[in-house]
Amino acid sequence: MPVLSEVRELTDRCNWTADTLNGVSGYKVTGPNGNSIFLPRAGYQTSTERLSAGHDGYYWCGSLNRSKPSSAYNLNFSGYAAEWSANRSMGFSIRAVRPKKN
């Protein structure tokens with residue numbers, strides 16, 4: 001999962017374009033180098049239901065909120081900044097990333 005600095009890079013340095021891929025609504029996120037990823041508006045899962053699917057997307061970040069150990073940071077399309085954290089029991093999506101080469 002991306003760490004908080006990588007999520008900040010997505011929100012601060014990339015171009016976000018609403019898009020549909022294979023019938024799925026989401027965002028095409030294009031970096032300064034021209035590479036892009038597609039993030040679906042997958043919503044999130046509670047213990048009993050899926051919410052906001054088709055409208056919002058919530059993606060876990062691999063960084064914990066040190067002041068709230070039960071929470072982790074996330075990237076979402078609901079207007080919250082990358083600094084927003086949520087309880088880790090929430091059913092957010094995961095977007096795998098390759099580690100950067102040193």
# chains A, B, ... in the order shown; residues from 1 in each chain; ligands from 1
>>> residues_around(residues="region 5-14 of chain A", least_positions_apart="6", cutoff="10 Å", atoms="only C-alpha atoms", output="CSV table (one decimal) with N, CA, C and O atoms, in the first residue's frame")
chain,number,residue,atom,x,y,z
A,28,LYS,N,-8.9,8.8,-13.3
A,28,LYS,CA,-7.6,8.5,-13.9
A,28,LYS,C,-6.7,9.6,-13.3
A,28,LYS,O,-6.9,10.8,-13.3
A,29,VAL,N,-5.7,9.1,-12.6
A,29,VAL,CA,-4.7,9.9,-11.9
A,29,VAL,C,-3.4,9.8,-12.7
A,29,VAL,O,-2.8,8.8,-12.8
A,30,THR,N,-3.0,11.0,-13.2
A,30,THR,CA,-1.8,11.0,-14.1
A,30,THR,C,-0.7,11.9,-13.4
A,30,THR,O,-0.9,13.0,-13.0
A,31,GLY,N,0.5,11.2,-13.3
A,31,GLY,CA,1.6,11.9,-12.6
A,31,GLY,C,2.4,12.8,-13.6
A,31,GLY,O,2.2,12.7,-14.8
A,32,PRO,N,3.3,13.5,-13.1
A,32,PRO,CA,4.1,14.4,-13.9
A,32,PRO,C,4.9,13.7,-15.0
A,32,PRO,O,5.3,14.3,-16.0
A,33,ASN,N,5.2,12.4,-14.7
A,33,ASN,CA,6.0,11.6,-15.7
A,33,ASN,C,5.1,11.0,-16.8
A,33,ASN,O,5.6,10.3,-17.7
A,34,GLY,N,3.8,11.3,-16.7
A,34,GLY,CA,2.9,10.8,-17.7
A,34,GLY,C,2.3,9.4,-17.4
A,34,GLY,O,1.3,9.0,-18.0
A,35,ASN,N,2.8,8.7,-16.4
A,35,ASN,CA,2.2,7.4,-15.9
A,35,ASN,C,0.9,7.7,-15.2
A,35,ASN,O,0.7,8.8,-14.6
A,36,SER,N,-0.1,6.8,-15.4
A,36,SER,CA,-1.4,7.0,-14.7
A,36,SER,C,-1.9,5.7,-14.1
A,36,SER,O,-1.4,4.6,-14.5
A,59,TYR,N,-9.4,4.5,-0.1
A,59,TYR,CA,-8.3,3.6,-0.3
A,59,TYR,C,-7.3,3.8,0.9
A,59,TYR,O,-6.9,4.9,1.2
A,60,TRP,N,-7.0,2.6,1.5
A,60,TRP,CA,-6.1,2.6,2.6
A,60,TRP,C,-4.7,3.1,2.2
A,60,TRP,O,-4.2,2.7,1.1
A,61,CYS,N,-4.1,3.7,3.1
A,61,CYS,CA,-2.7,4.1,3.1
A,61,CYS,C,-1.9,3.2,4.0
A,61,CYS,O,-2.5,2.7,5.0
A,62,GLY,N,-0.7,2.9,3.8
A,62,GLY,CA,0.1,2.0,4.7
A,62,GLY,C,0.6,2.7,5.9
A,62,GLY,O,1.5,2.1,6.6
A,63,SER,N,0.2,3.9,6.2
A,63,SER,CA,0.7,4.7,7.3
A,63,SER,C,-0.4,4.8,8.4
A,63,SER,O,-1.5,5.2,8.2
A,73,TYR,N,-4.3,6.3,7.8
A,73,TYR,CA,-4.6,7.3,6.8
A,73,TYR,C,-5.1,6.7,5.6
A,73,TYR,O,-5.0,5.5,5.3
A,74,ASN,N,-5.8,7.5,4.8
A,74,ASN,CA,-6.4,7.0,3.6
A,74,ASN,C,-6.5,8.1,2.6
A,74,ASN,O,-6.5,9.3,2.9
A,75,LEU,N,-6.7,7.7,1.3
A,75,LEU,CA,-7.0,8.6,0.2
A,75,LEU,C,-8.5,8.4,-0.1
A,75,LEU,O,-8.9,7.2,-0.2
A,76,ASN,N,-9.2,9.5,-0.3
A,76,ASN,CA,-10.6,9.3,-0.6
A,76,ASN,C,-11.1,10.4,-1.5
A,76,ASN,O,-10.4,11.4,-1.6
A,81,ALA,N,-8.7,15.7,2.9
A,81,ALA,CA,-7.3,15.7,2.5
A,81,ALA,C,-6.7,14.3,2.8
A,81,ALA,O,-7.2,13.5,3.5
A,82,ALA,N,-5.5,14.1,2.3
A,82,ALA,CA,-4.8,12.9,2.5
A,82,ALA,C,-4.5,12.7,4.0
A,82,ALA,O,-4.2,11.6,4.4
A,83,GLU,N,-4.6,13.7,4.8
A,83,GLU,CA,-4.3,13.6,6.3
A,83,GLU,C,-5.4,13.0,7.0
A,83,GLU,O,-5.3,12.8,8.2
A,97,VAL,N,1.0,-0.9,-4.6
A,97,VAL,CA,2.0,-0.1,-5.3
A,97,VAL,C,3.3,-0.9,-5.3
A,97,VAL,O,3.6,-1.7,-4.3
>>> select_by_dssp(residues="chain A", states="strand (DSSP E)", output="ChimeraX atom specification")
/A:15-21,24-30,36-40,44-45,50-51,58-64,71-76,85-87
>>> residues_around(residues="region 18-27 of chain A", least_positions_apart="6", cutoff="9 Å", atoms="only C-alpha atoms", output="JSON, numbers by chain")
{"A": [37, 38, 39, 40, 41, 42, 54, 55, 56, 57]}
>>> closest_residue(among="A:Lys101, A:Tyr58, A:Ser70, A:Leu51", to="Ser89 (chain A)", atoms="only C-alpha atoms")
A:Ser70
>>> closest_residue(among="A:Asn15, A:Ser52, A:Ser67, A:Gln45", to="Met90 (chain A)", atoms="only C-alpha atoms")
A:Gln45
>>> select_by_dssp(residues="chain A", states="alpha helix (DSSP H)", output="list in words")
Leu4, Ser5, Glu6, Val7, Arg8, Glu9, Leu10, Thr11, Asp12 and Arg13 of chain A
